[in-house]
Every structure is written in structure tokens, then in C-alpha cells.
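Here is my_file.tsv, consisting of TSV, C-alpha atoms:
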chain	number	residue	atom	x	y	z
A	9	MET	CA	34.04	-20.87	-35.86
A	10	ASN	CA	35.81	-19.65	-32.73
A	11	ALA	CA	35.36	-16.02	-33.83
A	12	THR	CA	31.57	-16.24	-33.32
A	13	LYS	CA	31.75	-17.57	-29.73
A	14	PRO	CA	32.92	-14.26	-28.15
A	15	GLN	CA	30.19	-12.38	-30.07
A	16	SER	CA	27.58	-14.85	-28.84
A	17	ARG	CA	28.80	-14.50	-25.24
A	18	ARG	CA	28.68	-10.70	-25.46
A	19	THR	CA	25.12	-10.82	-26.76
A	20	THR	CA	24.06	-13.19	-24.00
A	21	LEU	CA	25.86	-11.13	-21.35
A	22	GLY	CA	24.29	-7.93	-22.70
A	23	ALA	CA	20.82	-9.46	-22.62
A	24	LEU	CA	21.37	-10.70	-19.06
A	25	CYS	CA	22.52	-7.24	-17.93
A	26	PHE	CA	19.45	-5.67	-19.54
A	27	VAL	CA	17.09	-8.11	-17.78
A	28	LEU	CA	18.76	-7.55	-14.40
A	29	LEU	CA	18.59	-3.79	-14.83
A	30	PHE	CA	14.93	-3.96	-15.84
A	31	VAL	CA	13.99	-6.18	-12.88
A	32	SER	CA	15.87	-3.96	-10.41
A	33	CYS	CA	14.02	-0.87	-11.67
A	34	ALA	CA	10.59	-2.49	-11.62
A	35	GLN	CA	8.07	-0.92	-9.25
A	36	PHE	CA	7.55	-2.64	-5.91
A	37	GLN	CA	4.16	-4.37	-6.04
A	38	ASN	CA	2.60	-6.21	-3.13
A	39	SER	CA	0.42	-9.26	-3.34
A	40	PRO	CA	-3.16	-8.76	-2.08
A	41	ASN	CA	-2.23	-11.21	0.70
A	42	THR	CA	0.62	-9.04	2.02
A	43	ASP	CA	-0.42	-7.05	5.08
A	44	LEU	CA	0.41	-3.43	4.26
A	45	SER	CA	-0.06	-2.14	7.80
A	46	ILE	CA	2.90	-1.43	10.06
A	47	ASP	CA	0.81	-0.53	13.11
A	48	THR	CA	-2.69	0.41	14.20
A	49	TYR	CA	-3.72	4.05	14.46
A	50	SER	CA	-6.86	5.90	15.50
A	51	PRO	CA	-7.40	9.16	13.61
A	52	SER	CA	-9.27	12.15	15.02
A	53	ALA	CA	-13.06	12.18	15.16
A	54	ASP	CA	-13.13	14.85	12.43
A	55	ALA	CA	-10.95	12.73	10.10
A	56	LEU	CA	-13.20	9.72	10.76
A	57	ALA	CA	-16.36	11.69	10.00
A	58	ILE	CA	-14.97	12.97	6.71
A	59	ALA	CA	-13.71	9.50	5.72
A	60	LYS	CA	-17.08	7.93	6.56
A	61	THR	CA	-18.92	10.49	4.42
A	62	HIS	CA	-16.54	9.93	1.50
A	63	ALA	CA	-16.69	6.14	1.80
A	64	THR	CA	-20.51	6.17	1.96
A	65	GLU	CA	-20.73	8.40	-1.12
A	66	TYR	CA	-18.13	6.35	-2.97
A	67	TRP	CA	-19.96	3.10	-2.24
A	68	ALA	CA	-23.30	4.57	-3.31
A	69	SER	CA	-21.94	5.67	-6.68
A	70	HIS	CA	-19.56	2.76	-7.41
A	71	ARG	CA	-21.20	-0.36	-5.93
A	72	ASP	CA	-22.29	-1.65	-9.34
A	73	GLN	CA	-18.77	-1.22	-10.77
A	74	ILE	CA	-17.05	-2.74	-7.73
A	75	GLY	CA	-19.61	-5.46	-7.15
A	76	ARG	CA	-22.39	-5.55	-4.63
A	77	ASP	CA	-20.82	-8.56	-2.93
A	78	THR	CA	-17.78	-6.48	-1.88
A	79	ALA	CA	-17.65	-6.55	1.91
A	80	TYR	CA	-14.98	-3.93	2.71
A	81	LEU	CA	-13.55	-0.73	1.31
A	82	ALA	CA	-10.28	0.74	2.60
A	83	ILE	CA	-10.16	4.54	2.73
A	84	GLN	CA	-7.28	6.87	3.56
A	85	SER	CA	-8.54	8.91	6.50
A	86	ASP	CA	-5.48	10.78	7.71
A	87	THR	CA	-1.77	11.44	7.33
A	88	ILE	CA	0.45	10.43	10.24
A	89	PHE	CA	3.75	11.96	11.31
A	90	SER	CA	6.35	9.20	11.43
A	91	ASP	CA	7.33	10.15	14.99
A	92	GLU	CA	3.80	9.23	16.13
A	93	ILE	CA	4.54	5.54	15.47
A	94	PRO	CA	6.56	4.00	18.31
A	95	ASP	CA	9.60	1.97	17.22
A	96	ILE	CA	8.88	2.85	13.59
A	97	TYR	CA	12.24	1.71	12.25
A	98	ARG	CA	11.79	-1.76	13.74
A	99	ARG	CA	8.22	-1.92	12.41
A	100	LEU	CA	9.41	-0.92	8.94
A	101	GLU	CA	12.21	-3.43	9.07
A	102	TYR	CA	9.94	-6.36	9.88
A	103	SER	CA	6.90	-5.42	7.81
A	104	PRO	CA	6.47	-7.46	4.63
A	105	GLY	CA	4.49	-4.60	3.07
A	106	VAL	CA	7.33	-2.05	3.18
A	107	SER	CA	9.84	-1.68	0.37
A	108	SER	CA	13.56	-1.45	1.07
A	109	SER	CA	13.63	2.05	-0.44
A	110	ASP	CA	11.17	3.24	2.24
A	111	LEU	CA	13.41	1.80	4.93
A	112	GLU	CA	16.44	3.48	3.35
A	113	ASP	CA	14.61	6.83	3.08
A	114	PHE	CA	13.67	6.71	6.75
A	115	GLY	CA	17.19	5.70	7.73
A	116	ASN	CA	18.63	8.65	5.80
A	117	ASN	CA	16.39	11.46	7.04
A	118	ASN	CA	14.21	10.06	9.87
A	119	HIS	CA	11.08	11.10	8.02
A	120	LEU	CA	8.61	9.01	6.11
A	121	GLN	CA	5.11	9.61	4.78
A	122	VAL	CA	2.70	7.41	6.75
A	123	TYR	CA	-1.03	7.20	6.09
A	124	CYS	CA	-3.97	6.01	8.16
A	125	VAL	CA	-6.34	3.66	6.35
A	126	ASN	CA	-9.70	2.77	7.87
A	127	ILE	CA	-12.05	-0.03	6.87
A	128	PHE	CA	-15.59	0.72	5.69
A	129	ASP	CA	-18.06	-2.17	6.04
A	130	THR	CA	-20.36	-1.97	3.01
A	131	ARG	CA	-23.00	-4.21	4.59
A	132	THR	CA	-23.49	-2.10	7.72
A	133	GLY	CA	-22.34	1.30	6.41
A	134	THR	CA	-19.94	1.73	9.33
A	135	LEU	CA	-16.34	2.87	9.40
A	136	SER	CA	-14.00	1.20	11.85
A	137	PRO	CA	-12.60	3.80	14.27
A	138	ASN	CA	-9.38	1.82	14.53
A	139	GLY	CA	-7.30	2.25	11.40
A	140	TYR	CA	-3.98	1.03	10.12
A	141	ALA	CA	-0.72	2.92	9.65
A	142	VAL	CA	0.50	2.27	6.10
A	143	VAL	CA	3.61	3.41	4.23
A	144	ASP	CA	3.10	1.96	0.75
A	145	LEU	CA	-0.45	2.60	-0.40
A	146	PRO	CA	-1.90	0.35	-3.08
A	147	ARG	CA	-3.34	1.77	-6.27
A	148	VAL	CA	-6.93	2.94	-6.13
A	149	GLY	CA	-9.34	0.17	-7.08
A	150	HIS	CA	-6.96	-2.64	-6.13
A	151	LEU	CA	-7.50	-5.31	-3.53
A	152	ALA	CA	-5.16	-5.07	-0.53
A	153	ARG	CA	-4.81	-6.42	2.98
A	154	PHE	CA	-4.78	-4.22	6.07
A	155	GLY	CA	-4.44	-6.19	9.30
A	156	THR	CA	-7.11	-8.90	9.18
A	157	PHE	CA	-9.17	-7.18	6.45
A	158	THR	CA	-8.89	-7.61	2.70
A	159	ALA	CA	-10.50	-4.60	1.07
A	160	ILE	CA	-10.67	-2.60	-2.13
A	161	TYR	CA	-8.59	0.54	-1.67
A	162	ILE	CA	-10.48	3.71	-2.68
A	163	GLY	CA	-7.91	6.38	-1.78
A	164	ARG	CA	-9.61	9.33	-0.10
A	165	GLY	CA	-12.90	8.26	-1.67
A	166	GLY	CA	-13.11	11.17	-4.08

The structure given in the file should be rewritten as C-alpha cells.
Amino acid sequence: MNATKPQSRRTTLGALCFVLLFVSCAQFQNSPNTDLSIDTYSPSADALAIAKTHATEYWASHRDQIGRDTAYLAIQSDTIFSDEIPDIYRRLEYSPGVSSSDLEDFGNNNHLQVYCVNIFDTRTGTLSPNGYAVVDLPRVGHLARFGTFTAIYIGRGG
């Protein structure tokens, strides 16, 4: 009877180790209520014009799939150099939408991929000129929060 207890403990310990390893390797996923922006950013007029065209075309061809009652689309309009964001390390550190691996990457090499996301209002057909600096982009087609807006992320709108 005592010979089976160590075997049972090993099995339980092995299962626990497997679960912990699996959870630690799981991809970082934000809730739609987590603000993904670390700062505001205004892209160039050319980047805005291209993003507006792409968002307008995307909305025209996907509004039935997305739902006509969708108020906002979020579109990636530009790429930002990390040194263009003042106090970026502090912003990364205190942003709930940034994973610890992003913070570690920036701490190791002082470089991080940052994107500008602008909000397209589907009711008015306008693109906000003030965008949001984002490190961890959501998956295309998913609902996400950028500042005060909750929008469906459409990538570059292609």
C-alpha cells in the first residue's frame, strides 16, 4: 500500500509541472477592456490619407460581415520609432496592455516595435487624426480598446 503513494505523488507532481509549463508558455492575450495604447501619436498626413482610404474600402466591403451597427474600426496607420515616445520605458512599465516580454526586450536592446493605430468612425466616414501608440497589436477582426475607443481592429485594412 505504501509503495503506490510515491508513484501517485510523482504523477501528481508531473501533471502540475506540465500545467505550469503550459500556462507559462501561453500567448499573452488582452481583454477587450484593456487599453492597448501607451501614448497618443499623430502620424503624417500621407499616412493618414492612406489609412483613411484603406479603412473606407474595408468598411465598404466588410460591413455586412462585421455588422452595420459597428461604430469604430481601428486601423494601423504608421510604424513609430521607439525613441519618438517620451519616457517610453515608464509608459511600458505602467501600461496594462504591454506584456512583460516587451518590457524585457526594450530593456535589453532599447528598441521596440511601436505602431500607430487610428480610429475610423463608420457613421461619419472620418479618421481621427490623433492616433494611439501601441506595442501589442490585437489580432485582425478582434475587438480592442485604444484610449477611450473600443473598436474592431482591421490591421492595415487590406

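CA of Gln84 in chain A is positioned 12.0 Å from CA of Ser50 in chain A.
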
Sel. within 6 Å of pt (3.9, -0.5, -1.3), counting only C-alpha atoms, output as a VMD selection string: chain A and resid 106 144 to 145

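Using only C-alpha atoms, the smallest distance between any of A:Ala55, A:Val142, A:Cys124, A:Val148 and Pro104 in chain A comes from A:Val142.
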
Write out as a ChimeraX atom specification each polymer residue whose atoms come within 12 Å of His70 in chain A, counting all atoms listed in the file; drop sequence neighbours fewer than 4 positions from it. /A:62-66,74-76,78,81,130,149,160,162,165-166

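For the pair CA of Tyr80 in chain A and CA of Val125 in chain A, the separation is 12.1 Å.
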
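Minimum atom-to-atom distance to Ala68 in chain A, evaluated using all atoms listed in the file, belongs to A:Gly133 out of A:Ala141, A:Gly133, A:Asp95, A:Tyr49.
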
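Atom pair CA of Asp86 in chain A / CA of Pro51 in chain A has a distance of 6.4 Å (rounded to one decimal).
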
Could you write range 41-55 of chain A as a PDB file, keeping the file's coordinate frame, with N, CA and C atoms rebuilt where they are missing?
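Output file part-v4.pdb follows:
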ATOM      1  N   ASN A  41      -2.314 -10.492  -0.576  1.00  0.00           N
ATOM      2  CA  ASN A  41      -2.230 -11.210   0.700  1.00  0.00           C
ATOM      3  C   ASN A  41      -1.192 -10.620   1.643  1.00  0.00           C
ATOM      4  N   THR A  42      -0.395  -9.661   1.180  1.00  0.00           N
ATOM      5  CA  THR A  42       0.620  -9.040   2.020  1.00  0.00           C
ATOM      6  C   THR A  42      -0.032  -7.954   2.866  1.00  0.00           C
ATOM      7  N   ASP A  43       0.127  -8.053   4.174  1.00  0.00           N
ATOM      8  CA  ASP A  43      -0.420  -7.050   5.080  1.00  0.00           C
ATOM      9  C   ASP A  43       0.382  -5.758   4.921  1.00  0.00           C
ATOM     10  N   LEU A  44      -0.271  -4.696   4.487  1.00  0.00           N
ATOM     11  CA  LEU A  44       0.410  -3.430   4.260  1.00  0.00           C
ATOM     12  C   LEU A  44       0.577  -2.592   5.523  1.00  0.00           C
ATOM     13  N   SER A  45      -0.116  -2.953   6.586  1.00  0.00           N
ATOM     14  CA  SER A  45      -0.060  -2.140   7.800  1.00  0.00           C
ATOM     15  C   SER A  45       1.222  -2.383   8.581  1.00  0.00           C
ATOM     16  N   ILE A  46       1.734  -1.313   9.185  1.00  0.00           N
ATOM     17  CA  ILE A  46       2.900  -1.430  10.060  1.00  0.00           C
ATOM     18  C   ILE A  46       2.502  -1.268  11.517  1.00  0.00           C
ATOM     19  N   ASP A  47       1.300  -0.751  11.751  1.00  0.00           N
ATOM     20  CA  ASP A  47       0.810  -0.530  13.110  1.00  0.00           C
ATOM     21  C   ASP A  47      -0.673  -0.183  13.022  1.00  0.00           C
ATOM     22  N   THR A  48      -1.319  -0.097  14.173  1.00  0.00           N
ATOM     23  CA  THR A  48      -2.690   0.410  14.200  1.00  0.00           C
ATOM     24  C   THR A  48      -2.638   1.879  14.561  1.00  0.00           C
ATOM     25  N   TYR A  49      -3.680   2.595  14.199  1.00  0.00           N
ATOM     26  CA  TYR A  49      -3.720   4.050  14.460  1.00  0.00           C
ATOM     27  C   TYR A  49      -5.176   4.484  14.487  1.00  0.00           C
ATOM     28  N   SER A  50      -5.502   5.356  15.419  1.00  0.00           N
ATOM     29  CA  SER A  50      -6.860   5.900  15.500  1.00  0.00           C
ATOM     30  C   SER A  50      -6.826   7.374  15.144  1.00  0.00           C
ATOM     31  N   PRO A  51      -7.402   7.744  14.012  1.00  0.00           N
ATOM     32  CA  PRO A  51      -7.400   9.160  13.610  1.00  0.00           C
ATOM     33  C   PRO A  51      -8.393   9.959  14.453  1.00  0.00           C
ATOM     34  N   SER A  52      -8.362  11.264  14.273  1.00  0.00           N
ATOM     35  CA  SER A  52      -9.270  12.150  15.020  1.00  0.00           C
ATOM     36  C   SER A  52     -10.716  11.900  14.604  1.00  0.00           C
ATOM     37  N   ALA A  53     -11.633  12.333  15.448  1.00  0.00           N
ATOM     38  CA  ALA A  53     -13.060  12.180  15.160  1.00  0.00           C
ATOM     39  C   ALA A  53     -13.441  12.921  13.878  1.00  0.00           C
ATOM     40  N   ASP A  54     -12.842  14.087  13.653  1.00  0.00           N
ATOM     41  CA  ASP A  54     -13.130  14.850  12.430  1.00  0.00           C
ATOM     42  C   ASP A  54     -12.672  14.085  11.186  1.00  0.00           C
ATOM     43  N   ALA A  55     -11.468  13.503  11.235  1.00  0.00           N
ATOM     44  CA  ALA A  55     -10.950  12.730  10.100  1.00  0.00           C
ATOM     45  C   ALA A  55     -11.840  11.516   9.839  1.00  0.00           C
TER      46      ALA A  55
END
